[in-house]
Structures are given as C-alpha cells and as structure tokens.
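**Q** For reference, the structure I am asking about is given below.
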Amino acid sequence: MTAPLKHRTLSAAIVDRLRQAILAGTYPAGSQLRQDAMAETYGVSRIPVREALFQLEAEGFVRIVPHKGAIVSELSLDEINDVFDLRCLLEPRLLSQSAPRFSASDFAALDAIQARFETAIAAGDVGQWGVINAEFHMALYTKARQPRTQSIVAALLQTSDRYTRLQLSNTAAMGIAEQEHAELIRQCRAGRFTEAAAFLVGHIEAVRADLLRVVARSGAAGGATNSRSVALE
C-alpha cells in the first residue's frame with residue numbers, strides 16, 4: 001500500500017505545481033511539457049509525471065498529442081462558453097439550497113473570505129485572487145446537500161481560474177467582483193434567496209461577457225501558438 005500512495009502523493013504535488021505555473025503564464029499555450037525533463041528535475045520516475053499530465057489533460061490544461069507528448073492547451077472560446085454555461089446552471093441551484101441553511105458562523109466565514117479577497121485585490125495579487133474567489137463561491141454552497149454537484153462546480157471554478165485571471169487584468173474588473181461578492185452576502189443575509197440566485201447568474205454572465213471582450217481584443221483564444229519545449233523549474 002505504501003508505494004502506490006507515494007506515487008499518488010508525488011503525482012498530486014506535480015499536478016499542483018504545473019497547474020499553478022500554467023495559470024501564472026510560466027508555461028504559455030503551445031508549450032511542450034517533456035516528461036523526461038520534468039522527471040529529472042523532480043528526481044522521480046516518469047510514472048508520477050505521466051499521471052500528473054493525464055490529470056491536467058482531464059482538467060483541460062494540457063493536450064496529449066501523439067508523437068509530441070503534453071502540450072499546454074490554447075485558450076478556447078468554446079470552453080469558456082461551456083464552462084460558464086454550466087456554472088450558470090449549477091451554481092444558482094446550489095446557492096438556493098445552501099443559503100437558507102446558513103448560520104451566523106457561516107456568514108462570519110463568508111465575511112472573513114471577503115476580507116481576504118479585498119486584501120488580495122488591494123495588493124494586486126491576481127494569483128491569490130483566483131484561489132480566494134473559488135473559496136468564496138464554494139463557501140456559498142457549503143450547506144447544499146448536493147455533493148456531486150459541488151464537486152463538479154469546484155472543478156469548473158478551477159478551470160475558469162485560467163480565464164478569469166486574463167479577465168481580471170485591470171483593477172476595475174477586480175473592484176466590480178469585490179462589490180458583487182459583497183452584494184451576494186447582503187442578499188443572503190437578508191433572506192432574499194431568489195434574488196441572490198438571480199444576482200449570481202448575472203455575476204457569472206458579466207464575468208463571461210467581460211472575458212470574451214478581453215479575449216477578442218487580445219486574440220488570445222484559438223490563435224496559432226509556436227510550441228516550445230520546457231522543463232519544470
């Protein structure tokens with residue numbers, strides 16, 4: 001039992017390191033992630049590296065291409081719309097079931113996350129913003145008795161992090177997100193659960209619309225990208 005657990009632990013660590021590097025733009029779209037170079041860097045066999053790349057493929061961060069190996073995925077308009085369509089369907093459903101069950105301690109936890117969120121925005125820390133943003137949304141749904149849906153939404157938030165980091169390239173977008181999160185807390189605290197669910201849909205749709213505008217201006221999605229080989233540093 002010990003050896004397989006060790007492999008899974010190594011694989012999970014590599015997944016997290018690579019995911020964060022892709023989100024940060026260290027490995028841009030089209031970069032080739034070489035198993036042998038990464039294995040040498042980590043001082044491990046290729047097995048946990050290969051497992052990590054398969055996991056990242058499942059999350060949409062890389063593509064496994066025959067005879068080329070793992071390539072960092074390009075930003076995709078189709079994926080943006082797919083992810084945000086699913087979020088609009090699933091997140092209001094979770095909120096509607098979760099919010100009526102909130103206790104004072106649940107609201108205190110949301111307020112604490114919001115405070116950290118505001119601190120990250122003030123510091124211009126987009127990487128931390130993405131982590132706290134997902135944490136905030138999942139805290140809204142913590143009392144929903146829908147574990148499978150919660151798991152799906154957690155994965156969608158992780159995928160959308162790559163896109164929202166691009167969208168949140170200006171302080172105005174960050175400020176709007178901060179205000180809308182605060183409004184969600186206010187509506188839930190006031191017991192306006194139907195209004196809160198509708199507001200949540202508008203919040204998600206506004207992020208999608210802004211993101212599509214940013215992508216259209218930058219030409220970041222679906223464009224040709226020169227591949228280059230990189231090793232994990």
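Just remember, in the structure tokens the first chain shown is A, the second B, etc., residues are 1-based per chain, and ligands are 1-based in the order shown.
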Give the alpha helix (DSSP H) residues of chain A, as assigned by DSSP on the backbone, as a count of residues only.

**A** 166

**Q** Listing only residues of range 95-191 of chain A within 9 Å of range 66-85 of chain A, what is the closest atom pair and its distance in Å (to one decimal) for each, using only C-alpha atoms, sorted by chain and residue number ascending, as a Markdown table?

**A**
| residue | atom | partner | partner_atom | distance |
| --- | --- | --- | --- | --- |
| A:Leu156 | CA | A:Val83 | CA | 6.2 |
| A:Leu157 | CA | A:Val83 | CA | 8.5 |
| A:Thr159 | CA | A:Val83 | CA | 7.8 |
| A:Ser160 | CA | A:Val83 | CA | 6.9 |
| A:Arg162 | CA | A:Leu75 | CA | 8.6 |
| A:Tyr163 | CA | A:Ile80 | CA | 7.5 |

**Q** May I have the selected residues written with all heavy atoms, as a short mmCIF file (atom, residue, chain, number, x, y, z; two decimals), in the first residue's frame?

**A**
data_model
loop_
_atom_site.label_atom_id
_atom_site.label_comp_id
_atom_site.auth_asym_id
_atom_site.auth_seq_id
_atom_site.Cartn_x
_atom_site.Cartn_y
_atom_site.Cartn_z
N LEU A 156 -15.14 23.22 -12.18
CA LEU A 156 -15.40 24.30 -13.12
C LEU A 156 -14.72 25.59 -12.67
O LEU A 156 -14.16 26.33 -13.49
CB LEU A 156 -16.91 24.54 -13.25
CG LEU A 156 -17.71 23.44 -13.94
CD1 LEU A 156 -19.21 23.72 -13.80
CD2 LEU A 156 -17.34 23.33 -15.42
N LEU A 157 -14.74 25.87 -11.37
CA LEU A 157 -14.08 27.06 -10.86
C LEU A 157 -12.57 26.98 -11.07
O LEU A 157 -11.91 27.98 -11.37
CB LEU A 157 -14.41 27.24 -9.38
CG LEU A 157 -15.83 27.72 -9.07
CD1 LEU A 157 -16.13 27.55 -7.59
CD2 LEU A 157 -16.00 29.18 -9.48
N THR A 159 -11.07 25.34 -13.50
CA THR A 159 -10.84 25.56 -14.93
C THR A 159 -11.01 27.03 -15.29
O THR A 159 -10.20 27.59 -16.03
CB THR A 159 -11.81 24.71 -15.76
OG1 THR A 159 -11.60 23.33 -15.48
CG2 THR A 159 -11.61 24.95 -17.25
N SER A 160 -12.04 27.66 -14.75
CA SER A 160 -12.31 29.05 -15.12
C SER A 160 -11.27 30.01 -14.55
O SER A 160 -11.15 31.16 -15.00
CB SER A 160 -13.71 29.47 -14.69
OG SER A 160 -13.84 29.46 -13.29
N ARG A 162 -8.13 30.02 -14.98
CA ARG A 162 -7.20 30.40 -16.05
C ARG A 162 -7.76 31.54 -16.88
O ARG A 162 -7.02 32.44 -17.31
CB ARG A 162 -6.93 29.18 -16.93
CG ARG A 162 -5.86 29.44 -17.99
CD ARG A 162 -5.65 28.21 -18.85
NE ARG A 162 -4.61 28.41 -19.83
CZ ARG A 162 -4.38 27.60 -20.85
NH1 ARG A 162 -5.11 26.51 -21.00
NH2 ARG A 162 -3.40 27.83 -21.70
N TYR A 163 -9.06 31.53 -17.09
CA TYR A 163 -9.70 32.56 -17.90
C TYR A 163 -9.94 33.84 -17.11
O TYR A 163 -9.74 34.94 -17.62
CB TYR A 163 -11.02 32.02 -18.47
CG TYR A 163 -10.82 30.87 -19.41
CD1 TYR A 163 -11.03 29.56 -18.99
CD2 TYR A 163 -10.38 31.08 -20.71
CE1 TYR A 163 -10.83 28.49 -19.85
CE2 TYR A 163 -10.17 30.01 -21.57
CZ TYR A 163 -10.40 28.72 -21.14
OH TYR A 163 -10.18 27.68 -21.99
#

**Q** Tell me, in Å to one decimal, how far CA of Asn133 in chain A is from CA of Thr119 in chain A.

**A**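 A separation of 12.2 Å between them.
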
**Q** I need the residues in range 2-199 of chain A that are strand (DSSP E or B) according to DSSP; give them as a list in words.

**A** Ser31, Gln32, Leu33, Val62, Arg63, Ile64, Val65, Gly69, Ala70, Ile71, Val72 and Leu75 of chain A

**Q** Take the residues from that selection and write them out as a tab-separated table (two decimals), in the first residue's frame, keeping N, CA, C and O atoms.

**A**
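Okay, this is what ended up in result.tsv:
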chain	number	residue	atom	x	y	z
A	31	SER	N	3.19	25.41	-25.20
A	31	SER	CA	4.43	24.90	-24.62
A	31	SER	C	4.37	23.38	-24.51
A	31	SER	O	3.35	22.81	-24.13
A	32	GLN	N	5.47	22.72	-24.85
A	32	GLN	CA	5.55	21.26	-24.73
A	32	GLN	C	6.15	20.91	-23.37
A	32	GLN	O	7.22	21.41	-23.01
A	33	LEU	N	5.45	20.09	-22.60
A	33	LEU	CA	5.92	19.67	-21.28
A	33	LEU	C	6.54	18.29	-21.40
A	33	LEU	O	5.84	17.29	-21.58
A	62	VAL	N	-3.84	20.71	-20.42
A	62	VAL	CA	-2.91	20.23	-21.44
A	62	VAL	C	-3.64	19.31	-22.41
A	62	VAL	O	-4.73	18.81	-22.12
A	63	ARG	N	-3.03	19.11	-23.56
A	63	ARG	CA	-3.49	18.12	-24.54
A	63	ARG	C	-2.38	17.10	-24.73
A	63	ARG	O	-1.21	17.48	-24.84
A	64	ILE	N	-2.73	15.82	-24.74
A	64	ILE	CA	-1.75	14.78	-25.02
A	64	ILE	C	-1.80	14.50	-26.51
A	64	ILE	O	-2.81	14.01	-27.03
A	65	VAL	N	-0.72	14.86	-27.21
A	65	VAL	CA	-0.68	14.74	-28.67
A	65	VAL	C	0.25	13.60	-29.06
A	65	VAL	O	1.40	13.55	-28.59
A	69	GLY	N	3.66	14.45	-27.18
A	69	GLY	CA	3.51	14.46	-25.72
A	69	GLY	C	2.51	15.50	-25.26
A	69	GLY	O	1.53	15.77	-25.94
A	70	ALA	N	2.76	16.08	-24.10
A	70	ALA	CA	1.83	17.02	-23.48
A	70	ALA	C	2.10	18.44	-23.96
A	70	ALA	O	3.22	18.92	-23.89
A	71	ILE	N	1.05	19.09	-24.43
A	71	ILE	CA	1.12	20.47	-24.91
A	71	ILE	C	0.14	21.30	-24.08
A	71	ILE	O	-1.01	20.90	-23.89
A	72	VAL	N	0.58	22.45	-23.58
A	72	VAL	CA	-0.32	23.33	-22.84
A	72	VAL	C	-1.43	23.80	-23.77
A	72	VAL	O	-1.19	24.29	-24.87
A	75	LEU	N	-6.16	28.82	-25.11
A	75	LEU	CA	-7.42	29.35	-24.59
A	75	LEU	C	-8.50	29.14	-25.64
A	75	LEU	O	-8.28	29.40	-26.82

**Q** Please determine, counting only C-alpha atoms, which residue among A:Ala29, A:Ile113, A:Ala144, A:Val214 has the shortest atom-to-atom distance to His181 in chain A.

**A**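 Of the candidates, the smallest distance to His181 in chain A is held by A:Ile113.
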
**Q** What's the 12 Å shell around His137 in chain A, counting only C-alpha atoms, without same-chain residues fewer than 3 positions away, as a PDB file with N, CA, C and O atoms, in the first residue's frame?

**A**
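The resulting file, part00.pdb, is reproduced below:
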ATOM      1  N   ARG A  87     -21.719  26.750 -15.158  1.00  0.00           N
ATOM      2  CA  ARG A  87     -21.742  27.495 -13.894  1.00  0.00           C
ATOM      3  C   ARG A  87     -23.085  28.189 -13.690  1.00  0.00           C
ATOM      4  O   ARG A  87     -23.636  28.192 -12.575  1.00  0.00           O
ATOM      5  N   LEU A  90     -25.584  25.425 -12.605  1.00  0.00           N
ATOM      6  CA  LEU A  90     -25.363  24.677 -11.368  1.00  0.00           C
ATOM      7  C   LEU A  90     -25.212  25.545 -10.120  1.00  0.00           C
ATOM      8  O   LEU A  90     -25.693  25.181  -9.039  1.00  0.00           O
ATOM      9  N   GLU A  91     -24.537  26.678 -10.233  1.00  0.00           N
ATOM     10  CA  GLU A  91     -24.248  27.462  -9.030  1.00  0.00           C
ATOM     11  C   GLU A  91     -25.502  28.071  -8.388  1.00  0.00           C
ATOM     12  O   GLU A  91     -25.650  28.023  -7.160  1.00  0.00           O
ATOM     13  N   PRO A  92     -26.449  28.626  -9.166  1.00  0.00           N
ATOM     14  CA  PRO A  92     -27.674  29.125  -8.518  1.00  0.00           C
ATOM     15  C   PRO A  92     -28.460  28.008  -7.829  1.00  0.00           C
ATOM     16  O   PRO A  92     -29.072  28.231  -6.774  1.00  0.00           O
ATOM     17  N   LEU A  94     -27.182  25.382  -6.361  1.00  0.00           N
ATOM     18  CA  LEU A  94     -26.504  25.130  -5.095  1.00  0.00           C
ATOM     19  C   LEU A  94     -26.796  26.243  -4.084  1.00  0.00           C
ATOM     20  O   LEU A  94     -27.066  25.972  -2.904  1.00  0.00           O
ATOM     21  N   LEU A  95     -26.728  27.485  -4.535  1.00  0.00           N
ATOM     22  CA  LEU A  95     -26.952  28.616  -3.632  1.00  0.00           C
ATOM     23  C   LEU A  95     -28.365  28.572  -3.049  1.00  0.00           C
ATOM     24  O   LEU A  95     -28.554  28.823  -1.851  1.00  0.00           O
ATOM     25  N   SER A  98     -28.361  26.023  -0.374  1.00  0.00           N
ATOM     26  CA  SER A  98     -27.411  26.243   0.705  1.00  0.00           C
ATOM     27  C   SER A  98     -27.757  27.452   1.576  1.00  0.00           C
ATOM     28  O   SER A  98     -27.762  27.361   2.818  1.00  0.00           O
ATOM     29  N   ALA A  99     -28.033  28.588   0.966  1.00  0.00           N
ATOM     30  CA  ALA A  99     -28.173  29.844   1.709  1.00  0.00           C
ATOM     31  C   ALA A  99     -29.242  29.820   2.797  1.00  0.00           C
ATOM     32  O   ALA A  99     -29.020  30.372   3.885  1.00  0.00           O
ATOM     33  N   ALA A 109     -17.851  33.219   8.305  1.00  0.00           N
ATOM     34  CA  ALA A 109     -16.833  32.626   7.431  1.00  0.00           C
ATOM     35  C   ALA A 109     -16.816  33.337   6.074  1.00  0.00           C
ATOM     36  O   ALA A 109     -15.740  33.615   5.523  1.00  0.00           O
ATOM     37  N   LEU A 110     -18.001  33.646   5.533  1.00  0.00           N
ATOM     38  CA  LEU A 110     -18.069  34.377   4.269  1.00  0.00           C
ATOM     39  C   LEU A 110     -17.451  35.768   4.403  1.00  0.00           C
ATOM     40  O   LEU A 110     -16.721  36.221   3.519  1.00  0.00           O
ATOM     41  N   ILE A 113     -13.677  35.471   4.358  1.00  0.00           N
ATOM     42  CA  ILE A 113     -13.162  35.230   2.999  1.00  0.00           C
ATOM     43  C   ILE A 113     -13.214  36.524   2.192  1.00  0.00           C
ATOM     44  O   ILE A 113     -12.272  36.865   1.462  1.00  0.00           O
ATOM     45  N   GLN A 114     -14.319  37.266   2.328  1.00  0.00           N
ATOM     46  CA  GLN A 114     -14.453  38.534   1.617  1.00  0.00           C
ATOM     47  C   GLN A 114     -13.369  39.515   2.026  1.00  0.00           C
ATOM     48  O   GLN A 114     -12.823  40.246   1.184  1.00  0.00           O
ATOM     49  N   PHE A 117     -10.274  38.530   0.340  1.00  0.00           N
ATOM     50  CA  PHE A 117     -10.476  38.861  -1.071  1.00  0.00           C
ATOM     51  C   PHE A 117     -10.124  40.329  -1.313  1.00  0.00           C
ATOM     52  O   PHE A 117      -9.398  40.673  -2.247  1.00  0.00           O
ATOM     53  N   GLY A 130      -7.583  34.374  -7.487  1.00  0.00           N
ATOM     54  CA  GLY A 130      -8.237  33.218  -8.070  1.00  0.00           C
ATOM     55  C   GLY A 130      -8.560  32.154  -7.037  1.00  0.00           C
ATOM     56  O   GLY A 130      -9.640  31.564  -7.041  1.00  0.00           O
ATOM     57  N   VAL A 131      -7.621  31.910  -6.133  1.00  0.00           N
ATOM     58  CA  VAL A 131      -7.822  30.915  -5.080  1.00  0.00           C
ATOM     59  C   VAL A 131      -8.960  31.343  -4.157  1.00  0.00           C
ATOM     60  O   VAL A 131      -9.861  30.567  -3.834  1.00  0.00           O
ATOM     61  N   ILE A 132      -8.937  32.614  -3.736  1.00  0.00           N
ATOM     62  CA  ILE A 132      -9.958  33.102  -2.803  1.00  0.00           C
ATOM     63  C   ILE A 132     -11.319  33.196  -3.481  1.00  0.00           C
ATOM     64  O   ILE A 132     -12.355  32.944  -2.862  1.00  0.00           O
ATOM     65  N   ASN A 133     -11.334  33.563  -4.756  1.00  0.00           N
ATOM     66  CA  ASN A 133     -12.596  33.625  -5.494  1.00  0.00           C
ATOM     67  C   ASN A 133     -13.289  32.263  -5.483  1.00  0.00           C
ATOM     68  O   ASN A 133     -14.488  32.168  -5.201  1.00  0.00           O
ATOM     69  N   ALA A 134     -12.540  31.212  -5.792  1.00  0.00           N
ATOM     70  CA  ALA A 134     -13.119  29.863  -5.774  1.00  0.00           C
ATOM     71  C   ALA A 134     -13.569  29.486  -4.364  1.00  0.00           C
ATOM     72  O   ALA A 134     -14.643  28.885  -4.183  1.00  0.00           O
ATOM     73  N   LEU A 140     -20.327  29.676  -0.408  1.00  0.00           N
ATOM     74  CA  LEU A 140     -21.744  29.967  -0.612  1.00  0.00           C
ATOM     75  C   LEU A 140     -22.574  28.687  -0.717  1.00  0.00           C
ATOM     76  O   LEU A 140     -23.765  28.686  -0.401  1.00  0.00           O
ATOM     77  N   TYR A 141     -21.933  27.608  -1.175  1.00  0.00           N
ATOM     78  CA  TYR A 141     -22.670  26.375  -1.467  1.00  0.00           C
ATOM     79  C   TYR A 141     -22.438  25.293  -0.414  1.00  0.00           C
ATOM     80  O   TYR A 141     -22.853  24.152  -0.584  1.00  0.00           O
ATOM     81  N   THR A 142     -21.774  25.647   0.669  1.00  0.00           N
ATOM     82  CA  THR A 142     -21.312  24.636   1.621  1.00  0.00           C
ATOM     83  C   THR A 142     -22.436  23.852   2.280  1.00  0.00           C
ATOM     84  O   THR A 142     -22.253  22.706   2.675  1.00  0.00           O
ATOM     85  N   GLN A 150     -21.497  19.857  -6.137  1.00  0.00           N
ATOM     86  CA  GLN A 150     -20.431  20.657  -5.540  1.00  0.00           C
ATOM     87  C   GLN A 150     -19.074  20.292  -6.129  1.00  0.00           C
ATOM     88  O   GLN A 150     -18.246  21.166  -6.410  1.00  0.00           O
ATOM     89  N   VAL A 153     -18.827  21.737  -9.660  1.00  0.00           N
ATOM     90  CA  VAL A 153     -18.635  23.189  -9.635  1.00  0.00           C
ATOM     91  C   VAL A 153     -17.217  23.534  -9.189  1.00  0.00           C
ATOM     92  O   VAL A 153     -16.592  24.465  -9.733  1.00  0.00           O
ATOM     93  N   ALA A 154     -16.680  22.806  -8.225  1.00  0.00           N
ATOM     94  CA  ALA A 154     -15.300  23.046  -7.794  1.00  0.00           C
ATOM     95  C   ALA A 154     -14.340  22.878  -8.975  1.00  0.00           C
ATOM     96  O   ALA A 154     -13.406  23.681  -9.153  1.00  0.00           O
ATOM     97  N   LEU A 156     -15.137  23.215 -12.175  1.00  0.00           N
ATOM     98  CA  LEU A 156     -15.403  24.301 -13.121  1.00  0.00           C
ATOM     99  C   LEU A 156     -14.721  25.593 -12.670  1.00  0.00           C
ATOM    100  O   LEU A 156     -14.164  26.329 -13.492  1.00  0.00           O
ATOM    101  N   LEU A 157     -14.745  25.867 -11.375  1.00  0.00           N
ATOM    102  CA  LEU A 157     -14.079  27.061 -10.862  1.00  0.00           C
ATOM    103  C   LEU A 157     -12.571  26.977 -11.068  1.00  0.00           C
ATOM    104  O   LEU A 157     -11.913  27.982 -11.368  1.00  0.00           O
ATOM    105  N   GLN A 158     -12.032  25.780 -10.903  1.00  0.00           N
ATOM    106  CA  GLN A 158     -10.599  25.593 -11.126  1.00  0.00           C
ATOM    107  C   GLN A 158     -10.239  25.844 -12.593  1.00  0.00           C
ATOM    108  O   GLN A 158      -9.245  26.506 -12.902  1.00  0.00           O
ATOM    109  N   ALA A 177     -15.940  42.796  -9.067  1.00  0.00           N
ATOM    110  CA  ALA A 177     -16.077  41.470  -8.458  1.00  0.00           C
ATOM    111  C   ALA A 177     -16.223  41.591  -6.947  1.00  0.00           C
ATOM    112  O   ALA A 177     -17.063  40.907  -6.329  1.00  0.00           O
ATOM    113  N   GLU A 180     -19.735  42.853  -6.111  1.00  0.00           N
ATOM    114  CA  GLU A 180     -20.785  41.868  -6.370  1.00  0.00           C
ATOM    115  C   GLU A 180     -20.754  40.735  -5.352  1.00  0.00           C
ATOM    116  O   GLU A 180     -21.810  40.212  -4.964  1.00  0.00           O
ATOM    117  N   HIS A 181     -19.585  40.350  -4.907  1.00  0.00           N
ATOM    118  CA  HIS A 181     -19.500  39.343  -3.855  1.00  0.00           C
ATOM    119  C   HIS A 181     -20.129  39.872  -2.560  1.00  0.00           C
ATOM    120  O   HIS A 181     -20.849  39.146  -1.868  1.00  0.00           O
ATOM    121  N   ALA A 182     -19.843  41.137  -2.255  1.00  0.00           N
ATOM    122  CA  ALA A 182     -20.431  41.740  -1.052  1.00  0.00           C
ATOM    123  C   ALA A 182     -21.956  41.785  -1.157  1.00  0.00           C
ATOM    124  O   ALA A 182     -22.669  41.548  -0.169  1.00  0.00           O
ATOM    125  N   LEU A 184     -23.870  39.703  -2.835  1.00  0.00           N
ATOM    126  CA  LEU A 184     -24.371  38.340  -2.636  1.00  0.00           C
ATOM    127  C   LEU A 184     -24.507  38.020  -1.152  1.00  0.00           C
ATOM    128  O   LEU A 184     -25.507  37.426  -0.723  1.00  0.00           O
ATOM    129  N   ILE A 185     -23.511  38.413  -0.377  1.00  0.00           N
ATOM    130  CA  ILE A 185     -23.584  38.193   1.069  1.00  0.00           C
ATOM    131  C   ILE A 185     -24.767  38.953   1.662  1.00  0.00           C
ATOM    132  O   ILE A 185     -25.532  38.415   2.472  1.00  0.00           O
ATOM    133  N   LEU A 200     -26.561  36.040  -8.769  1.00  0.00           N
ATOM    134  CA  LEU A 200     -25.399  35.183  -9.023  1.00  0.00           C
ATOM    135  C   LEU A 200     -25.269  34.874 -10.510  1.00  0.00           C
ATOM    136  O   LEU A 200     -24.171  34.902 -11.066  1.00  0.00           O
ATOM    137  N   HIS A 203     -23.899  37.856 -12.160  1.00  0.00           N
ATOM    138  CA  HIS A 203     -22.478  37.979 -11.825  1.00  0.00           C
ATOM    139  C   HIS A 203     -21.625  37.088 -12.730  1.00  0.00           C
ATOM    140  O   HIS A 203     -20.622  37.535 -13.308  1.00  0.00           O
ATOM    141  N   ILE A 204     -22.037  35.836 -12.882  1.00  0.00           N
ATOM    142  CA  ILE A 204     -21.293  34.900 -13.726  1.00  0.00           C
ATOM    143  C   ILE A 204     -21.331  35.340 -15.181  1.00  0.00           C
ATOM    144  O   ILE A 204     -20.309  35.304 -15.892  1.00  0.00           O
TER     145      ILE A 204
END

**Q** If you measure from CA of Glu178 in chain A to CA of Arg101 in chain A, what distance in Å do you get, rounded to one decimal?

**A**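 CA of Glu178 in chain A sits 23.7 Å away from CA of Arg101 in chain A.
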
**Q** Near range 48-57 of chain A, counting only C-alpha atoms, which residues have an atom at most 12 Å away, once you skip same-chain residues fewer than 2 positions from it, shown as a ChimeraX atom specification?

**A** /A:3-23,32-46,59-65,69-73,155,158-159,231-232
